[in-house]
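Asks: Handing you this structure, nothing more for now.
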Amino acid sequence: MLGLNLRQIATKLQNGSLSAEELCSRCYARAKKLSELNAFVTMTYEQGLQEAKQSDQRRKQGASLGMLDGVPFAVKDNFSTKGIETTCASRMLVGYVPPYTATVVQRLQDKGAVMIGKTNLDEFAMGSGSVESVHGPVRNVWRYPFRGAANDNHSNSKEAIQTDGDEDGDWFVAGGSSGGSAMAVTTGASLVAFGSDTGGSARNPASYCGIVGLKPTYGVVSRHGLIPLVNSLDVPAVLTKTVDDAATVLGAIGGHDPLDSTTVTDSFDPFTLPDEISVKDLTIGIPKEYHTPGMSSDVLQAWSKAADLFENAGAKVIPVSLPHTQFSIVCYSVICATEVASNMARYDGIEYGYRDKETSSTEALYAATRWEGFNDVVKGRILAGNYFLLKRNYDHQFQQAMKVRRLIAEDFQKVYDSGVDVLLTPTTLSDAIKYRQFAAIDHRAQSEQQDVLTQPINLAGVPAINVPITLSSHSLPIGLQLIGQNFQDRQLLTVAKWLEQQVQFPRHILEEQLSALESTR
Ligand code: GLN
């Protein structure tokens, strides 16, 4: 049941073969059983069950709020949730309980959806592995070496998941920074989860986990209540098992919000995607700069197969150039650090969360609190950001980065103006990597490898989505990225659904393993 999509679940809730209470209890049970994956940092059992019961009540009275009524969802722990601890996975915010709820969370709740918990992430969403968290790292369920795993049940099946047993005790990273949300959806502990995507944080873990990760056009979805990393790049993102589910959620959360002046003022109409889709009249661009060194042969193969699928279906597939792609990592790192430097100034030990015991002076209290409260990645970015903002560096560093950012955005615009509808690229250079290997590389180098295919999209503001495609030769998920035009989220999702229909990602392999695990553990 936890493998079903939203439409299937809604039908069951509608015809009474499933209650929201039962559904939420199943999700909790799954989350608990898989707690060693560390996807959740807070579970909201009581409140969730209460809301699920209310949803059942509404349905009985014929007053259902629609398709999302009674549907469980999880929220990355950098979205404010009234009355529920919100930590951003940082020591700085442990114990912080916000007095208000983020717009996206509120909008889903207004449709009757039930929040079941808050998910793990890299501290303040800075990272791409979900390993830099005060709560400990998120572990990827794919090939996870469960002790006493039910894998034996499948040992005769060709489709059995390979696990690494305890051979080296290591496991694969879930990607990040929204790894907890991605893992909540991947394991069926939640049907929907919110992530945030500033440079790839939703698409990257979606790719490593074999799920859909949508970063809508900047401005379509309100950032109110999303604790900022880089205000000009942050976008609330949607993680689901299918493209249809992502479209449903986008329909519920999109549109103007008076509390976020950067949201669109035009009306935003929810849409459903057709089942019969033709890509015959489309032009799909393949940006040559995305052929970057270090791309695995599995990823290259999946990319070229997908391009063939489009071509065989009558679409025009053409090579295109986004010449400023090579500057995006350095441009991002300057813009990110400068915004981080000002965003993090609010954490001084006075208003929120952690406060050090140092009392010799106010300045000493600030310094000690910030030294103890932030991890090294956050501190490094604050230092770099303040450096870039020094009067003598402002023009050379920050202003230059802003100019390069415009050139990167113009690259996309030119390609779309030339008649390209959607771009097709990989999301990540390879399938998921093992934790030890990941942790051995320093954070900056890591970012260059992990974000190279996703960051330019945030700098341009355009929408993009990860679609799970196939399993690699290591039996791990591989995803591809489709990149759309500004405010053409509907077209992007339609093309993504078509691709999803063609590739039939073998999710059932994981479903079967998880159900077997549930019955044996
Ligand atoms: N990995 C990138 C960073 O560390 C992107 C993070 C994000 O999208 N939140 O900044």
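By convention here, the chains of the structure tokens are called A, B, ... in the order presented, each chain's residues are numbered starting at 1, and ligands are numbered starting at 1 in the order presented.
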Tell me, which residues of range 362-475 of chain A carry DSSP strand (DSSP E or B), written as a count of residues only?
Replies: 14
Asks: If we count only C-alpha atoms, what is near Leu49 in chain A at a cut-off of 7 Å, once residues fewer than 4 positions away on the same chain are taken out, given as a VMD selection string?
Replies: chain A and resid 21 24 45 53
Asks: Could you write those residues out with C-alpha atoms, as a PDB file, in the first residue's frame?
Replies:
ATOM      1  CA  GLU A  21      -5.996   7.080  10.313  1.00  0.00           C
ATOM      2  CA  CYS A  24      -0.996   7.533   8.824  1.00  0.00           C
ATOM      3  CA  TYR A  45       2.454  11.255  16.005  1.00  0.00           C
ATOM      4  CA  LYS A  53      -9.210  11.184  12.354  1.00  0.00           C
TER       5      LYS A  53
END
Asks: With distances taken over only C-alpha atoms, which of A:Thr454, A:Thr263, A:Thr103, A:Ser473 is nearest to Phe194 in chain A?
Replies: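 Using only C-alpha atoms, Phe194 in chain A sits closest to A:Thr103.
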Asks: Quick one: residues within 9 Å of His256 in chain A, only C-alpha atoms, excluding same-chain residues fewer than 2 positions away - as a ChimeraX atom specification?
Replies: /A:219-222,254,258-268
Asks: Would you mind exporting N, CA, C and O atoms of the selected residues as a JSON list (two decimals), in the first residue's frame?
Replies:
[["chain", "number", "residue", "atom", "x", "y", "z"],
["A", 219, "GLY", "N", 9.64, 31.89, -7.65],
["A", 219, "GLY", "CA", 8.53, 32.85, -7.58],
["A", 219, "GLY", "C", 7.15, 32.21, -7.70],
["A", 219, "GLY", "O", 6.14, 32.84, -7.45],
["A", 220, "VAL", "N", 7.12, 30.94, -8.11],
["A", 220, "VAL", "CA", 5.82, 30.26, -8.23],
["A", 220, "VAL", "C", 5.35, 29.79, -6.85],
["A", 220, "VAL", "O", 4.15, 29.72, -6.57],
["A", 221, "VAL", "N", 6.31, 29.44, -6.00],
["A", 221, "VAL", "CA", 5.97, 28.90, -4.68],
["A", 221, "VAL", "C", 6.55, 29.79, -3.59],
["A", 221, "VAL", "O", 7.73, 30.17, -3.64],
["A", 222, "SER", "N", 5.74, 30.10, -2.60],
["A", 222, "SER", "CA", 6.15, 31.01, -1.54],
["A", 222, "SER", "C", 7.28, 30.47, -0.68],
["A", 222, "SER", "O", 7.28, 29.31, -0.28],
["A", 254, "GLY", "N", 1.16, 26.35, -5.09],
["A", 254, "GLY", "CA", 1.66, 27.42, -5.96],
["A", 254, "GLY", "C", 0.82, 28.68, -5.88],
["A", 254, "GLY", "O", -0.31, 28.68, -5.38],
["A", 258, "PRO", "N", 0.87, 36.91, -0.17],
["A", 258, "PRO", "CA", 1.14, 38.28, 0.29],
["A", 258, "PRO", "C", 2.32, 38.34, 1.26],
["A", 258, "PRO", "O", 2.91, 39.41, 1.46],
["A", 259, "LEU", "N", 2.69, 37.20, 1.83],
["A", 259, "LEU", "CA", 3.80, 37.19, 2.79],
["A", 259, "LEU", "C", 5.15, 36.99, 2.12],
["A", 259, "LEU", "O", 6.18, 36.96, 2.78],
["A", 260, "ASP", "N", 5.16, 36.80, 0.80],
["A", 260, "ASP", "CA", 6.44, 36.69, 0.06],
["A", 260, "ASP", "C", 6.32, 37.55, -1.19],
["A", 260, "ASP", "O", 5.69, 37.16, -2.17],
["A", 261, "SER", "N", 6.98, 38.71, -1.14],
["A", 261, "SER", "CA", 6.84, 39.67, -2.24],
["A", 261, "SER", "C", 7.50, 39.18, -3.52],
["A", 261, "SER", "O", 7.34, 39.78, -4.58],
["A", 262, "THR", "N", 8.29, 38.10, -3.46],
["A", 262, "THR", "CA", 8.90, 37.60, -4.70],
["A", 262, "THR", "C", 8.01, 36.56, -5.39],
["A", 262, "THR", "O", 8.40, 36.01, -6.41],
["A", 263, "THR", "N", 6.83, 36.31, -4.85],
["A", 263, "THR", "CA", 5.96, 35.35, -5.56],
["A", 263, "THR", "C", 5.21, 36.06, -6.69],
["A", 263, "THR", "O", 4.97, 37.27, -6.64],
["A", 264, "VAL", "N", 4.83, 35.26, -7.68],
["A", 264, "VAL", "CA", 4.10, 35.79, -8.84],
["A", 264, "VAL", "C", 2.79, 36.44, -8.40],
["A", 264, "VAL", "O", 2.14, 35.98, -7.46],
["A", 265, "THR", "N", 2.42, 37.49, -9.12],
["A", 265, "THR", "CA", 1.15, 38.12, -8.78],
["A", 265, "THR", "C", 0.02, 37.60, -9.68],
["A", 265, "THR", "O", -1.14, 37.67, -9.32],
["A", 266, "ASP", "N", 0.39, 37.05, -10.85],
["A", 266, "ASP", "CA", -0.64, 36.47, -11.73],
["A", 266, "ASP", "C", -1.27, 35.28, -11.03],
["A", 266, "ASP", "O", -0.65, 34.65, -10.18],
["A", 267, "SER", "N", -2.49, 34.96, -11.45],
["A", 267, "SER", "CA", -3.13, 33.81, -10.80],
["A", 267, "SER", "C", -2.44, 32.52, -11.24],
["A", 267, "SER", "O", -1.89, 32.43, -12.35],
["A", 268, "PHE", "N", -2.42, 31.56, -10.36],
["A", 268, "PHE", "CA", -1.77, 30.28, -10.66],
["A", 268, "PHE", "C", -2.85, 29.20, -10.58],
["A", 268, "PHE", "O", -3.43, 28.98, -9.51]]
Asks: Given the choices A:Leu424, A:Met126, A:Leu4, A:Val134, which gets closest to Arg444 in chain A if the distance is worked out from only C-alpha atoms?
Replies: A:Met126
Asks: In Å, how far is it from CA of Val141 in chain A to atom 9 (N, counted along the ligand's line) of ligand 1?
Replies: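 Straight-line distance from CA of Val141 in chain A to atom 9 (N, counted along the ligand's line) of ligand 1 works out to 21.4 Å.
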Asks: Write out as a PyMOL selection string the residues lying within 12 Å of Arg59 in chain A, counting only C-alpha atoms and excluding same-chain residues fewer than 2 positions away.
Replies: chain A and resi 10+12-16+18-20+52-57+61-70+112
Asks: What's around range 338-346 of chain A at 12 Å? Count only C-alpha atoms, leave out sequence neighbours fewer than 6 positions away in its own chain, and write the answer as a VMD selection string.
Replies: chain A and resid 90 92 to 93 124 to 126 198 227 to 234 331 to 332 352 to 353 366 to 367 369 to 370 373 to 374 377 to 390 393 to 394 397 to 399 401 to 402
Asks: May I have the residues within 10 Å of ligand 1, computed using only C-alpha atoms and all ligand atoms, as a PyMOL selection string?
Replies: chain A and resi 121-130+175-178+195-204+215+228-230+233-237+329+332-333+336-337+340+377-378+381+443-444+446-452+454-455+458
Asks: Output N, CA and C atoms of each residue in that selection to a file, as a compact mmCIF listing (two decimals), in the first residue's frame.
Replies:
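Final output, saved to again35.txt:
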# COMPACT_ATOMS: atom_id res chain seq x y z
N LEU A 121 18.49 16.91 7.33
CA LEU A 121 19.11 17.66 6.22
C LEU A 121 20.53 18.02 6.59
N ASP A 122 21.25 18.58 5.63
CA ASP A 122 22.54 19.17 5.96
C ASP A 122 22.27 20.48 6.69
N GLU A 123 23.12 20.78 7.66
CA GLU A 123 22.90 21.97 8.49
C GLU A 123 22.60 23.22 7.64
N PHE A 124 21.47 23.85 7.92
CA PHE A 124 21.00 25.03 7.19
C PHE A 124 20.97 24.81 5.68
N ALA A 125 20.79 23.54 5.28
CA ALA A 125 20.69 23.17 3.85
C ALA A 125 21.97 23.40 3.08
N MET A 126 23.10 23.46 3.80
CA MET A 126 24.38 23.63 3.12
C MET A 126 25.05 22.28 3.00
N GLY A 127 24.98 21.70 1.83
CA GLY A 127 25.60 20.40 1.61
C GLY A 127 24.88 19.66 0.52
N SER A 128 25.38 18.48 0.20
CA SER A 128 24.74 17.72 -0.87
C SER A 128 24.77 16.22 -0.57
N GLY A 129 24.88 15.89 0.72
CA GLY A 129 24.89 14.47 1.06
C GLY A 129 23.99 14.13 2.23
N SER A 130 23.46 15.16 2.89
CA SER A 130 22.70 14.99 4.14
C SER A 130 23.54 14.26 5.18
N GLY A 175 22.12 11.64 -0.71
CA GLY A 175 22.14 12.91 -1.43
C GLY A 175 21.60 14.01 -0.53
N GLY A 176 21.74 15.25 -0.99
CA GLY A 176 21.29 16.30 -0.09
C GLY A 176 21.16 17.64 -0.78
N SER A 177 20.74 18.63 -0.02
CA SER A 177 20.60 18.57 1.43
C SER A 177 19.25 18.04 1.91
N SER A 178 18.30 17.79 0.99
CA SER A 178 16.98 17.32 1.43
C SER A 178 16.91 15.80 1.53
N GLY A 195 11.10 19.61 0.26
CA GLY A 195 12.52 19.86 0.38
C GLY A 195 12.72 21.32 0.05
N SER A 196 13.97 21.77 0.07
CA SER A 196 14.25 23.10 -0.46
C SER A 196 15.38 22.92 -1.46
N ASP A 197 15.38 23.76 -2.49
CA ASP A 197 16.37 23.60 -3.55
C ASP A 197 16.98 24.96 -3.88
N THR A 198 18.25 25.11 -3.48
CA THR A 198 18.98 26.36 -3.67
C THR A 198 20.02 26.21 -4.77
N GLY A 199 20.55 24.96 -4.85
CA GLY A 199 21.56 24.67 -5.87
C GLY A 199 21.43 23.23 -6.33
N GLY A 200 20.34 22.59 -5.94
CA GLY A 200 20.14 21.20 -6.34
C GLY A 200 19.68 20.29 -5.22
N SER A 201 19.44 20.87 -4.06
CA SER A 201 19.19 20.07 -2.86
C SER A 201 17.98 19.15 -2.88
N ALA A 202 17.07 19.35 -3.82
CA ALA A 202 15.96 18.40 -3.93
C ALA A 202 16.22 17.42 -5.07
N ARG A 203 16.77 17.95 -6.17
CA ARG A 203 16.99 17.08 -7.34
C ARG A 203 18.11 16.07 -7.08
N ASN A 204 19.14 16.49 -6.37
CA ASN A 204 20.26 15.59 -6.09
C ASN A 204 19.82 14.36 -5.28
N LYS A 215 11.87 21.22 -8.65
CA LYS A 215 12.15 22.60 -8.24
C LYS A 215 11.35 23.49 -9.18
N PRO A 228 15.88 30.95 5.40
CA PRO A 228 16.66 31.19 4.19
C PRO A 228 18.09 30.69 4.23
N LEU A 229 18.51 30.16 3.07
CA LEU A 229 19.93 29.90 2.82
C LEU A 229 20.39 31.03 1.90
N VAL A 230 19.87 31.06 0.68
CA VAL A 230 20.19 32.11 -0.29
C VAL A 230 18.86 32.62 -0.84
N LEU A 233 17.91 32.44 -4.47
CA LEU A 233 17.99 31.14 -5.17
C LEU A 233 17.08 30.08 -4.55
N ASP A 234 16.71 30.26 -3.29
CA ASP A 234 15.91 29.23 -2.60
C ASP A 234 14.54 29.03 -3.26
N VAL A 235 14.17 27.77 -3.43
CA VAL A 235 12.82 27.45 -3.91
C VAL A 235 12.31 26.25 -3.12
N PRO A 236 11.10 26.35 -2.53
CA PRO A 236 10.54 25.17 -1.89
C PRO A 236 10.34 24.10 -2.97
N ALA A 237 10.71 22.87 -2.65
CA ALA A 237 10.68 21.82 -3.67
C ALA A 237 9.79 20.67 -3.21
N ILE A 329 29.60 27.26 -10.72
CA ILE A 329 29.98 26.84 -9.36
C ILE A 329 30.64 28.00 -8.61
N TYR A 332 28.03 30.73 -7.99
CA TYR A 332 27.15 30.31 -6.89
C TYR A 332 27.85 30.48 -5.56
N SER A 333 29.12 30.08 -5.49
CA SER A 333 29.76 30.09 -4.18
C SER A 333 29.93 31.51 -3.65
N CYS A 336 26.17 32.66 -2.82
CA CYS A 336 25.70 31.91 -1.67
C CYS A 336 26.35 32.44 -0.39
N ALA A 337 27.67 32.55 -0.40
CA ALA A 337 28.37 32.98 0.82
C ALA A 337 27.93 34.37 1.25
N VAL A 340 24.55 34.11 2.77
CA VAL A 340 24.67 33.39 4.03
C VAL A 340 25.20 34.33 5.12
N VAL A 377 31.14 24.15 7.98
CA VAL A 377 30.70 24.58 6.65
C VAL A 377 30.02 25.94 6.75
N VAL A 378 29.13 26.08 7.72
CA VAL A 378 28.40 27.34 7.90
C VAL A 378 29.39 28.45 8.25
N ARG A 381 31.36 29.63 5.28
CA ARG A 381 30.62 30.47 4.33
C ARG A 381 30.38 31.88 4.90
N HIS A 443 34.48 19.64 1.62
CA HIS A 443 33.15 20.11 1.26
C HIS A 443 33.11 20.89 -0.05
N ARG A 444 34.14 21.69 -0.28
CA ARG A 444 34.16 22.50 -1.50
C ARG A 444 34.27 21.64 -2.74
N GLN A 446 33.47 18.59 -2.93
CA GLN A 446 32.23 17.82 -2.99
C GLN A 446 31.15 18.59 -3.75
N SER A 447 31.04 19.86 -3.40
CA SER A 447 30.04 20.70 -4.01
C SER A 447 30.27 20.80 -5.52
N GLU A 448 31.54 20.90 -5.92
CA GLU A 448 31.84 20.99 -7.35
C GLU A 448 31.36 19.75 -8.08
N GLN A 449 31.52 18.60 -7.45
CA GLN A 449 31.11 17.35 -8.11
C GLN A 449 29.60 17.16 -8.07
N GLN A 450 29.01 17.49 -6.93
CA GLN A 450 27.60 17.17 -6.73
C GLN A 450 26.65 18.16 -7.40
N ASP A 451 27.06 19.43 -7.44
CA ASP A 451 26.10 20.46 -7.85
C ASP A 451 26.31 20.96 -9.27
N VAL A 452 27.31 20.42 -9.95
CA VAL A 452 27.70 20.99 -11.24
C VAL A 452 26.55 20.99 -12.25
N THR A 454 23.25 20.99 -11.42
CA THR A 454 21.99 21.53 -10.89
C THR A 454 22.05 23.03 -10.55
N GLN A 455 23.22 23.50 -10.13
CA GLN A 455 23.31 24.90 -9.68
C GLN A 455 22.97 25.94 -10.74
N ASN A 458 19.33 27.07 -10.73
CA ASN A 458 18.89 28.02 -9.69
C ASN A 458 19.34 29.44 -10.03
Asks: Please return, as JSON, numbers by chain, all residues of range 250-438 of chain A that DSSP assigns to alpha helix (DSSP H) on the basis of the backbone.
Replies: {"A": [250, 251, 252, 253, 297, 298, 299, 300, 301, 302, 303, 304, 305, 306, 307, 308, 309, 310, 311, 312, 328, 329, 330, 331, 332, 333, 334, 335, 336, 337, 338, 339, 340, 341, 342, 343, 362, 363, 364, 365, 366, 367, 368, 369, 370, 371, 372, 373, 376, 377, 378, 379, 380, 381, 382, 383, 384, 385, 386, 387, 388, 391, 392, 393, 400, 401, 402, 403, 404, 405, 406, 407, 408, 409, 410, 411, 412, 413, 414, 415, 416, 417, 435, 436, 437, 438]}
Asks: Find the distance between CA of Phe79 in chain A and CA of Ala189 in chain A and write it in Å to one decimal.
Replies: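 CA of Ala189 in chain A lies 18.9 Å from CA of Phe79 in chain A.
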Asks: List the spatial neighbours of Thr470 in chain A as a list in words - criterion: any atom at most 9 Å away, only C-alpha atoms, same-chain residues fewer than 5 positions off excluded.
Replies: Gly210, Ala302, Ser475, Leu476, Pro477, Ile478, Gly479, Val503, Gln504, Phe505 and Pro506 of chain A
